[in-house]
Structures are given as structure tokens and as C-alpha cells.
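Data file: data14.cif. Format and content: mmCIF, C-alpha atoms.
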```cif
data_target
#
loop_
_atom_site.label_atom_id
_atom_site.label_comp_id
_atom_site.auth_asym_id
_atom_site.auth_seq_id
_atom_site.Cartn_x
_atom_site.Cartn_y
_atom_site.Cartn_z
CA MET A 1173 13.97 -6.54 -5.50
CA ARG A 1174 11.42 -4.48 -3.57
CA PHE A 1175 8.51 -3.89 -6.01
CA SER A 1176 6.89 -5.75 -8.89
CA ILE A 1177 4.49 -3.53 -10.85
CA ILE A 1178 2.11 -5.60 -12.99
CA VAL A 1179 0.34 -4.09 -16.00
CA VAL A 1180 -2.08 -6.30 -17.92
CA CYS A 1181 -3.31 -5.14 -21.28
CA LEU A 1182 -5.24 -5.99 -24.42
CA ASN A 1183 -5.29 -3.54 -27.33
CA ALA A 1184 -4.67 -0.69 -24.90
CA GLY A 1185 -3.01 1.67 -27.36
CA GLU A 1186 -1.43 4.81 -25.91
CA SER A 1187 -2.90 4.06 -22.47
CA LEU A 1188 -0.29 1.35 -22.02
CA ARG A 1189 2.56 3.77 -22.78
CA GLU A 1190 1.16 6.35 -20.35
CA THR A 1191 0.98 3.81 -17.53
CA VAL A 1192 4.43 2.34 -18.13
CA GLU A 1193 6.10 5.74 -18.42
CA SER A 1194 4.61 6.80 -15.09
CA ILE A 1195 6.37 3.79 -13.54
CA ARG A 1196 9.66 4.60 -15.21
CA ARG A 1197 9.56 8.15 -13.81
CA GLN A 1198 9.76 6.89 -10.22
CA SER A 1199 12.67 8.16 -8.17
CA GLU A 1200 12.77 4.79 -6.39
CA GLN A 1201 14.52 2.46 -8.84
CA ASP A 1202 14.21 -0.89 -7.03
CA TYR A 1203 11.30 -2.20 -9.11
CA GLU A 1204 10.43 -4.33 -12.10
CA ILE A 1205 7.65 -3.84 -14.65
CA ILE A 1206 5.81 -6.98 -15.72
CA ILE A 1207 3.58 -6.47 -18.74
CA LYS A 1208 1.14 -9.28 -19.44
CA ASP A 1209 -0.45 -8.76 -22.85
CA GLY A 1210 -3.42 -10.84 -23.93
CA VAL A 1211 -2.14 -11.15 -27.53
CA SER A 1212 -3.06 -7.64 -28.68
CA THR A 1213 -3.79 -7.10 -32.36
CA ASP A 1214 -3.81 -3.31 -32.66
CA ALA A 1215 -0.72 -1.74 -34.23
CA VAL A 1216 -0.11 0.90 -31.53
CA THR A 1217 0.03 -1.64 -28.69
CA ALA A 1218 2.12 -4.10 -30.69
CA SER A 1219 4.62 -1.42 -31.68
CA TYR A 1220 5.09 -0.23 -28.10
CA LEU A 1221 5.47 -3.79 -26.81
CA GLU A 1222 8.16 -4.41 -29.41
CA GLN A 1223 9.92 -1.22 -28.30
CA LEU A 1224 9.85 -2.39 -24.68
CA GLU A 1225 11.18 -5.80 -25.65
CA ARG A 1226 14.16 -4.13 -27.34
CA GLU A 1227 14.77 -1.91 -24.33
CA SER A 1228 14.60 -4.91 -21.99
CA ALA A 1229 17.89 -6.12 -23.46
CA ASP A 1230 19.58 -3.26 -21.59
CA ASP A 1231 17.16 -2.97 -18.67
CA SER A 1232 16.31 -6.26 -16.95
CA ARG A 1233 13.60 -4.54 -14.92
CA ILE A 1234 11.32 -4.52 -18.00
CA ARG A 1235 9.74 -7.87 -18.71
CA VAL A 1236 7.15 -8.40 -21.45
CA PHE A 1237 4.97 -11.52 -21.79
CA ARG A 1238 2.78 -11.25 -24.86
CA HIS A 1239 2.16 -14.68 -26.40
CA GLU A 1240 -0.22 -16.31 -23.93
CA LYS A 1241 -3.96 -15.71 -24.15
CA ASP A 1242 -6.03 -15.23 -21.03
CA CYS A 1243 -9.67 -15.43 -20.02
CA GLY A 1244 -9.99 -11.87 -18.76
CA ILE A 1245 -8.27 -9.32 -16.55
CA TYR A 1246 -8.09 -11.45 -13.39
CA ASP A 1247 -6.77 -14.47 -15.25
CA ALA A 1248 -4.14 -12.21 -16.80
CA MET A 1249 -3.21 -10.89 -13.36
CA ASN A 1250 -2.87 -14.44 -12.05
CA GLN A 1251 -0.67 -15.37 -15.00
CA ALA A 1252 1.56 -12.34 -14.38
CA VAL A 1253 2.07 -13.27 -10.73
CA GLN A 1254 4.03 -16.38 -11.69
CA TYR A 1255 6.79 -14.13 -13.10
CA ILE A 1256 7.25 -11.74 -10.17
CA ARG A 1257 10.61 -11.35 -8.45
CA GLY A 1258 9.71 -8.47 -6.10
CA GLU A 1259 8.73 -8.52 -2.45
CA TYR A 1260 5.60 -6.38 -2.92
CA VAL A 1261 3.22 -6.35 -5.87
CA LEU A 1262 1.04 -3.56 -7.26
CA PHE A 1263 -1.38 -3.91 -10.17
CA LEU A 1264 -1.88 -0.87 -12.41
CA ASN A 1265 -4.47 -1.08 -15.17
CA CYS A 1266 -3.74 0.57 -18.51
CA GLY A 1267 -4.73 4.20 -18.18
CA ASP A 1268 -3.94 4.26 -14.46
CA CYS A 1269 -0.72 6.02 -13.49
CA PHE A 1270 1.34 6.70 -10.41
CA TYR A 1271 0.23 9.94 -8.77
CA ASP A 1272 3.73 11.41 -8.95
CA GLY A 1273 7.37 10.37 -9.23
CA GLN A 1274 7.80 9.86 -5.48
CA VAL A 1275 5.13 7.22 -4.85
CA LEU A 1276 7.38 4.17 -4.60
CA ALA A 1277 9.89 6.05 -2.45
CA LYS A 1278 7.14 7.05 -0.02
CA VAL A 1279 5.70 3.53 0.05
CA ARG A 1280 9.11 2.01 0.66
CA GLU A 1281 9.62 4.34 3.61
CA ARG A 1282 6.26 3.31 5.09
CA ILE A 1283 6.95 -0.39 4.61
CA GLU A 1284 10.37 -0.14 6.26
CA CYS A 1285 8.72 1.47 9.30
CA ASP A 1286 6.27 -1.43 9.71
CA ASN A 1287 7.41 -4.99 9.21
CA GLU A 1288 4.22 -6.57 10.59
CA SER A 1289 1.76 -6.17 7.72
CA ARG A 1290 1.97 -7.83 4.32
CA LEU A 1291 -0.69 -5.66 2.69
CA PHE A 1292 -0.28 -1.91 2.52
CA TYR A 1293 -2.78 0.45 0.92
CA GLY A 1294 -3.11 4.15 0.22
CA ASN A 1295 -5.34 6.62 -1.61
CA ILE A 1296 -6.22 7.36 -5.22
CA GLN A 1297 -7.20 10.41 -7.22
CA GLU A 1298 -9.98 9.94 -9.74
CA ARG A 1299 -9.40 11.32 -13.20
CA LEU A 1300 -13.08 11.50 -14.11
CA THR A 1301 -14.08 13.62 -11.12
CA GLY A 1302 -10.72 15.09 -10.09
CA ALA A 1303 -11.47 14.09 -6.50
CA LEU A 1304 -8.91 12.73 -4.04
CA VAL A 1305 -10.38 9.54 -2.59
CA GLN A 1306 -9.01 8.61 0.80
CA SER A 1307 -9.21 4.94 1.69
CA ASN A 1308 -10.69 3.89 5.00
CA PRO A 1309 -7.81 4.02 7.50
CA VAL A 1310 -9.31 1.20 9.58
CA ILE A 1311 -10.29 -2.11 8.02
CA ASP A 1312 -13.04 -3.79 10.03
CA ASP A 1313 -16.12 -5.82 9.18
CA PHE A 1314 -18.14 -2.83 7.99
CA ALA A 1315 -15.25 -1.56 5.88
CA CYS A 1316 -15.02 -5.03 4.32
CA TYR A 1317 -18.71 -4.85 3.49
CA ARG A 1318 -18.79 -1.31 2.20
CA ASN A 1319 -15.54 0.49 1.51
CA LEU A 1320 -12.33 -1.31 0.58
CA PRO A 1321 -9.44 0.30 -1.32
CA CYS A 1322 -9.20 -0.51 -5.02
CA HIS A 1323 -6.35 -2.74 -6.14
CA GLN A 1324 -4.54 0.21 -7.75
CA ALA A 1325 -3.87 1.46 -4.20
CA CYS A 1326 -2.78 -1.89 -2.70
CA PHE A 1327 0.72 -3.31 -2.31
CA TYR A 1328 0.45 -7.05 -1.67
CA GLY A 1329 3.17 -9.17 -0.14
CA ALA A 1330 4.17 -11.42 -3.03
CA GLU A 1331 3.59 -14.60 -1.02
CA LEU A 1332 -0.11 -13.70 -0.60
CA LEU A 1333 -0.68 -13.77 -4.35
CA LYS A 1334 1.40 -16.89 -4.83
CA ARG A 1335 -0.46 -18.62 -2.03
CA ARG A 1336 -3.86 -17.77 -3.43
CA GLY A 1337 -4.62 -15.88 -6.64
CA PHE A 1338 -7.75 -14.07 -7.78
CA ASP A 1339 -10.87 -16.21 -8.09
CA THR A 1340 -11.73 -15.90 -11.79
CA ALA A 1341 -15.28 -17.08 -11.17
CA TYR A 1342 -15.85 -13.42 -10.31
CA ARG A 1343 -15.71 -11.31 -13.44
CA VAL A 1344 -15.88 -7.89 -11.74
CA ARG A 1345 -15.25 -8.35 -8.02
CA ALA A 1346 -12.34 -10.80 -7.87
CA ASP A 1347 -10.01 -8.20 -6.35
CA TYR A 1348 -12.63 -7.43 -3.68
CA GLU A 1349 -13.02 -11.13 -2.90
CA HIS A 1350 -9.25 -11.55 -2.69
CA PHE A 1351 -8.93 -8.68 -0.20
CA LEU A 1352 -11.55 -10.33 2.00
CA TRP A 1353 -9.68 -13.63 1.75
CA CYS A 1354 -6.48 -11.89 2.87
CA PHE A 1355 -8.27 -10.29 5.82
CA TYR A 1356 -10.48 -13.15 7.02
CA ARG A 1357 -8.55 -16.27 6.02
CA GLY A 1358 -5.04 -15.22 5.10
CA GLY A 1359 -4.21 -13.82 8.53
CA VAL A 1360 -3.40 -10.35 7.15
CA ARG A 1361 -4.00 -7.05 8.91
CA PRO A 1362 -3.89 -4.39 6.17
CA LYS A 1363 -1.95 -1.22 6.94
CA TYR A 1364 -3.10 2.19 5.74
CA MET A 1365 -0.53 4.62 4.32
CA PRO A 1366 -1.38 8.34 3.93
CA VAL A 1367 0.06 8.23 0.42
CA THR A 1368 -1.79 8.98 -2.81
CA VAL A 1369 -0.71 6.05 -4.94
CA ALA A 1370 -2.49 6.28 -8.28
CA LEU A 1371 -4.36 8.46 -10.72
CA TYR A 1372 -7.32 6.19 -11.32
CA GLU A 1373 -8.77 6.38 -14.81
CA GLY A 1374 -12.20 4.88 -14.11
CA GLY A 1375 -14.99 4.38 -16.61
CA GLY A 1376 -13.63 0.99 -17.61
CA PHE A 1377 -14.72 -2.62 -17.68
CA SER A 1378 -16.27 -2.77 -14.22
CA GLU A 1379 -18.31 0.42 -14.67
CA THR A 1380 -20.49 -0.51 -17.65
CA LYS A 1381 -24.20 -0.78 -16.91
CA GLU A 1382 -24.15 -4.57 -17.28
CA ASN A 1383 -21.11 -5.01 -15.07
CA ARG A 1384 -22.49 -2.73 -12.37
CA ARG A 1385 -25.41 -5.17 -12.09
CA ARG A 1386 -22.96 -8.06 -12.08
CA SER A 1387 -20.93 -6.28 -9.41
CA GLN A 1388 -23.95 -6.09 -7.11
CA GLN A 1389 -24.67 -9.79 -7.63
CA GLU A 1390 -21.07 -10.79 -6.98
CA HIS A 1391 -20.88 -8.56 -3.91
CA LYS A 1392 -23.92 -10.30 -2.43
CA LYS A 1393 -22.40 -13.72 -3.02
CA ILE A 1394 -18.97 -12.79 -1.67
CA VAL A 1395 -20.13 -11.23 1.59
CA ALA A 1396 -22.38 -14.24 2.20
CA ASP A 1397 -19.27 -16.41 2.00
CA TYR A 1398 -17.26 -14.34 4.48
CA MET A 1399 -19.83 -12.88 6.90
CA PRO A 1400 -22.75 -14.33 8.90
CA ALA A 1401 -26.21 -13.59 7.54
CA GLY A 1402 -27.21 -11.45 10.53
CA LYS A 1403 -24.24 -9.14 10.08
CA VAL A 1404 -24.82 -8.83 6.34
CA PHE A 1405 -28.48 -7.91 6.96
CA ARG A 1406 -27.50 -5.29 9.54
CA TYR A 1407 -24.98 -3.68 7.20
CA ARG A 1408 -27.47 -3.71 4.35
CA MET A 1409 -29.99 -1.86 6.50
CA ILE A 1410 -27.36 0.71 7.48
CA MET A 1411 -26.65 1.33 3.80
CA LEU A 1412 -30.32 1.82 3.05
CA LEU A 1413 -30.90 4.14 6.01
CA THR A 1414 -27.88 6.28 5.14
CA LEU A 1415 -29.04 6.71 1.53
CA ALA A 1416 -26.13 4.85 -0.04
CA PRO A 1417 -27.42 5.15 -3.66
CA LEU A 1418 -27.68 8.93 -3.31
CA ARG A 1419 -24.22 9.15 -1.76
CA THR A 1420 -22.82 7.08 -4.63
CA TRP A 1421 -24.36 9.46 -7.14
CA ILE A 1422 -22.87 12.46 -5.31
CA ALA A 1423 -19.45 10.77 -5.18
CA GLU A 1424 -19.47 10.04 -8.92
CA ASN A 1425 -20.71 13.46 -10.08
CA PRO A 1426 -17.78 15.72 -11.09
CA LEU A 1427 -19.61 18.74 -9.66
CA THR A 1428 -20.06 17.26 -6.19
CA ALA A 1429 -17.38 14.55 -5.87
CA GLY A 1430 -14.72 16.85 -4.43
CA MET A 1431 -17.03 18.16 -1.71
CA TYR A 1432 -18.18 14.63 -0.85
CA GLN A 1433 -14.64 13.27 -0.58
CA ALA A 1434 -13.56 16.26 1.54
CA VAL A 1435 -16.35 15.52 4.02
CA LYS A 1436 -15.37 11.85 4.05
CA ARG A 1437 -11.73 12.72 4.80
CA ARG A 1438 -12.82 14.84 7.76
CA LEU A 1439 -14.92 11.97 9.11
CA TYR A 1440 -11.97 9.59 8.80
CA ARG A 1441 -9.78 11.99 10.74
#
```

The structure given in the file should be rewritten as C-alpha cells.
Amino acid sequence: MRFSIIVVCLNAGESLRETVESIRRQSEQDYEIIIKDGVSTDAVTASYLEQLERESADDSRIRVFRHEKDCGIYDAMNQAVQYIRGEYVLFLNCGDCFYDGQVLAKVRERIECDNESRLFYGNIQERLTGALVQSNPVIDDFACYRNLPCHQACFYGAELLKRRGFDTAYRVRADYEHFLWCFYRGGVRPKYMPVTVALYEGGGFSETKENRRRSQQEHKKIVADYMPAGKVFRYRMIMLLTLAPLRTWIAENPLTAGMYQAVKRRLYR
């Protein structure tokens, strides 16, 4: 099997259905859907999970695991990894969807043209701003400090996740830390694909005011673990001198996000 698509959920309601149905609309059929539910209690989620369990009797690609509690999203993702049968793994959060029905077909084509990398990543489109966000096509030290693709755009070789899962000590940045582990210690050279992978919902767990503060704290701790202090200081100064907080505000404002991302795409080219 080529792809394992993991969806973790807890009381997600109709968002779960929307995400799963976007997977089932893929023209590429060599995939499985692994749904790891954290013992949801709302009726909408429970009803849809029961429907999927019934359908799994005729479609072995649908696999539902709903009776094991977890300690948060990254613990749930780690739990789901133990069930995967695919060669490459993508995590879609509830509310995130594939950009269109051809995503997996395009990704498969890219993977078959490059057998060297075990981590492929593409772009996302933000639902909140409507902007197409291109990932950095070159992963280097500064990209690792500043601008990594989100996990909804990343296809991991299954062995990477089995070898080393997400560090659940990080509540908000565990996917960021895991990418750095792959790059610096896992021997992986990520490969960019000019493919828009996901419609990214945004506005979720990691973007609350409290978790934005936590994100900054975790970022500081993670980069200190992977980069020398002198390099971290230099990159921090670059961010300050290039008005990073202002650029973040522009990128998150629906009125200016499209213009900002268009300029960024031109710079990447």
C-alpha cells in the first residue's frame, strides 16, 4: 500500500466527515484511512464513526480505532502510527481537506520520480485567508529556524515515524521538532513538490493566545537543542531586522495575505 492517511479526532462533529470524504474522493485509490478517535462523546462524531465502522466491512482501507484515550493530538498521532500499513504517511487534522481529487495521484508521480528522499512536502491553501502558501523549496538551517512546512503538507516515509515518533513533551510544536529531528539526526533530505496538498483550516488548537505563547517558548527550546547558540542568535537578529512580527500580521490578515504570499512565491522562484 502506498499511502496511510491518519486523521485524529475528538468530538470533531461534521469536520471529521468533511476531512474523510475529501480523502475518499481521491482518484488515486492505493491508500488507507486510519481514524484515531480519543473516545468522543458527541452524537455527531459517534454516529459517523459507527457508519465508517460498518462500511469498513466492505472496504478494508477504512480503519477506525475509537476506544483508546490519548493525552493530546501528538499522542494520538503516535498511537495511530502503530496501525499503518502504507509506505508514506500524511496527517490531516479534522477540518483540513485535500486540495482536490488529484493530490495523491500527483504526489505518487513525484515520489516515483525520486527514490532518494523519505520526506516529501508541498504547499497548502489557507481557508481563513484564502491565500496559497508555498513552502520553502530549499530546506537549510535558516528554513529550519524560520519556515518549515506544516505537517498537513508532509508525506513521511513510514519508517521515520516508527523509528521515532512525536515528542509529546511539546504540546504545540512537536511536529516542528520532529521535522528537525528528521533533518538533523534522521539523515533525511526533504524533497519539495510543487503540489498544493491541503486546504488548511487554521484557527485551531495551536493558534489560541495561550498556545501562541507556548509555541514561542517551545520554539526557543527546540532550536537550542538542534542549533549552536551563535547561529540561533544570528537568525533571531535577522528576524528582528526584517520586521518578522509585522510580516506575520500581514500574512495572517485576509486583506493582505494573498499579496504577501504572492511576493513570497516570487522570491522563492

Checklist outcome for this item: Using all atoms listed in the file, the residue out of A:Gly1402, A:Gly1329, A:Ser1187, A:Glu1200 with shortest distance to Asn1287 (chain A) is A:Gly1329

Next on the checklist: If I take CA of Lys1381 (chain A) and CA of Arg1343 (chain A), how far is one from the other in Å, to one decimal?
Outcome noted: 14.0 Å

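Using all atoms listed in the file, the residues found no farther than 12 Å from Gln1274 (chain A), other than those of its own chain fewer than 4 positions away, are Ser1194, Ile1195, Arg1196, Arg1197, Gln1198, Ser1199, Glu1200, Gln1201, Phe1270, Lys1278, Val1279, Arg1280, Glu1281, Val1367, Thr1368, Val1369 and Ala1370 of chain A.
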
Written selection (C-alpha atoms) as a short mmCIF file (atom, residue, chain, number, x, y, z; two decimals), in the frame of the given file:
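Okay, out.cif is ready:
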```cif
data_model
loop_
_atom_site.label_atom_id
_atom_site.label_comp_id
_atom_site.auth_asym_id
_atom_site.auth_seq_id
_atom_site.Cartn_x
_atom_site.Cartn_y
_atom_site.Cartn_z
CA SER A 1194 4.61 6.80 -15.09
CA ILE A 1195 6.37 3.79 -13.54
CA ARG A 1196 9.66 4.60 -15.21
CA ARG A 1197 9.56 8.15 -13.81
CA GLN A 1198 9.76 6.89 -10.22
CA SER A 1199 12.67 8.16 -8.17
CA GLU A 1200 12.77 4.79 -6.39
CA GLN A 1201 14.52 2.46 -8.84
CA PHE A 1270 1.34 6.70 -10.41
CA LYS A 1278 7.14 7.05 -0.02
CA VAL A 1279 5.70 3.53 0.05
CA ARG A 1280 9.11 2.01 0.66
CA GLU A 1281 9.62 4.34 3.61
CA VAL A 1367 0.06 8.23 0.42
CA THR A 1368 -1.79 8.98 -2.81
CA VAL A 1369 -0.71 6.05 -4.94
CA ALA A 1370 -2.49 6.28 -8.28
#
```

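The spacing separating CA of Tyr1407 (chain A) from CA of Tyr1317 (chain A) amounts to 7.4 Å.
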
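With all atoms listed in the file as the atoms that count, the residue of A:Ala1252, A:Ile1206, A:Val1305, A:Ala1184 with the shortest distance to Val1236 (chain A) is A:Ile1206.
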
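Among the candidates A:Thr1340, A:Ser1387, A:Thr1420, A:Thr1428, the residue lying nearest to Asp1247 (chain A) is A:Thr1340 (atoms considered: all atoms listed in the file).
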
Next on the checklist: Here's a test: counting all atoms listed in the file, identify every protein, DNA and RNA residue with an atom at most 8 Å from (2.0, -11.5, -14.6) in the file's coordinate frame, and state them as a ChimeraX atom specification.
Outcome noted: /A:1178-1180,1206-1208,1237,1248-1256

Checklist entry - Quick one: residues within 9 Å of region 1319-1323 of chain A, all atoms listed in the file counted, chain neighbours fewer than 3 positions away excluded, as a PyMOL selection string? => result chain A and resi 1262-1264+1293-1296+1306-1308+1311+1314-1316+1326-1327+1347-1348+1351

Go ahead and save the residues from that selection, with C-alpha atoms, as an mmCIF file, in the coordinates of the input.
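Generated file (result_23.cif):
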```
data_model
loop_
_atom_site.group_PDB
_atom_site.id
_atom_site.type_symbol
_atom_site.label_atom_id
_atom_site.label_comp_id
_atom_site.auth_asym_id
_atom_site.auth_seq_id
_atom_site.Cartn_x
_atom_site.Cartn_y
_atom_site.Cartn_z
ATOM 1 C CA LEU A 1262 1.040 -3.560 -7.260
ATOM 2 C CA PHE A 1263 -1.380 -3.910 -10.170
ATOM 3 C CA LEU A 1264 -1.880 -0.870 -12.410
ATOM 4 C CA TYR A 1293 -2.780 0.450 0.920
ATOM 5 C CA GLY A 1294 -3.110 4.150 0.220
ATOM 6 C CA ASN A 1295 -5.340 6.620 -1.610
ATOM 7 C CA ILE A 1296 -6.220 7.360 -5.220
ATOM 8 C CA GLN A 1306 -9.010 8.610 0.800
ATOM 9 C CA SER A 1307 -9.210 4.940 1.690
ATOM 10 C CA ASN A 1308 -10.690 3.890 5.000
ATOM 11 C CA ILE A 1311 -10.290 -2.110 8.020
ATOM 12 C CA PHE A 1314 -18.140 -2.830 7.990
ATOM 13 C CA ALA A 1315 -15.250 -1.560 5.880
ATOM 14 C CA CYS A 1316 -15.020 -5.030 4.320
ATOM 15 C CA CYS A 1326 -2.780 -1.890 -2.700
ATOM 16 C CA PHE A 1327 0.720 -3.310 -2.310
ATOM 17 C CA ASP A 1347 -10.010 -8.200 -6.350
ATOM 18 C CA TYR A 1348 -12.630 -7.430 -3.680
ATOM 19 C CA PHE A 1351 -8.930 -8.680 -0.200
#
```

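Using only C-alpha atoms, the nearest neighbour of Val1261 (chain A) within the list A:Leu1276, A:Ala1330, A:Leu1291, A:Leu1418 is A:Ala1330.
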
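Relative to CA of Pro1366 (chain A), CA of Glu1204 (chain A) is found at 23.6 Å.
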
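Remark: for Ser1176 (chain A), the closest of the candidate residues A:Arg1299, A:Val1360, A:Ile1234, A:Thr1191 is A:Ile1234 (distances computed over all atoms listed in the file).
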
Next on the checklist: What's around Glu1240 (chain A) at 8 Å? Count only C-alpha atoms, leave out sequence neighbours fewer than 2 positions away in its own chain, and write the answer as a list of chain:residue names.
Outcome noted: A:Asp1209, A:Gly1210, A:Val1211, A:Phe1237, A:Arg1238, A:Asp1242

Close residues, Ser1212 (chain A) itself excluded, 10 Å, all atoms listed in the file, min 4 positions apart in chain, as a compact mmCIF listing (two decimals) with C-alpha atoms, in the frame of the given file:
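Below is the file that was written, around_26.txt:
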```
# COMPACT_ATOMS: atom_id res chain seq x y z
CA CYS A 1181 -3.31 -5.14 -21.28
CA LEU A 1182 -5.24 -5.99 -24.42
CA ASN A 1183 -5.29 -3.54 -27.33
CA ALA A 1184 -4.67 -0.69 -24.90
CA GLY A 1185 -3.01 1.67 -27.36
CA VAL A 1216 -0.11 0.90 -31.53
CA THR A 1217 0.03 -1.64 -28.69
CA ALA A 1218 2.12 -4.10 -30.69
CA LEU A 1221 5.47 -3.79 -26.81
CA ARG A 1238 2.78 -11.25 -24.86
CA HIS A 1239 2.16 -14.68 -26.40
CA LYS A 1241 -3.96 -15.71 -24.15
```

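Distances here use all atoms listed in the file; by that measure, the residue among A:His1350, A:Arg1441, A:Arg1419, A:Arg1408 closest to Pro1309 (chain A) is A:Arg1441.
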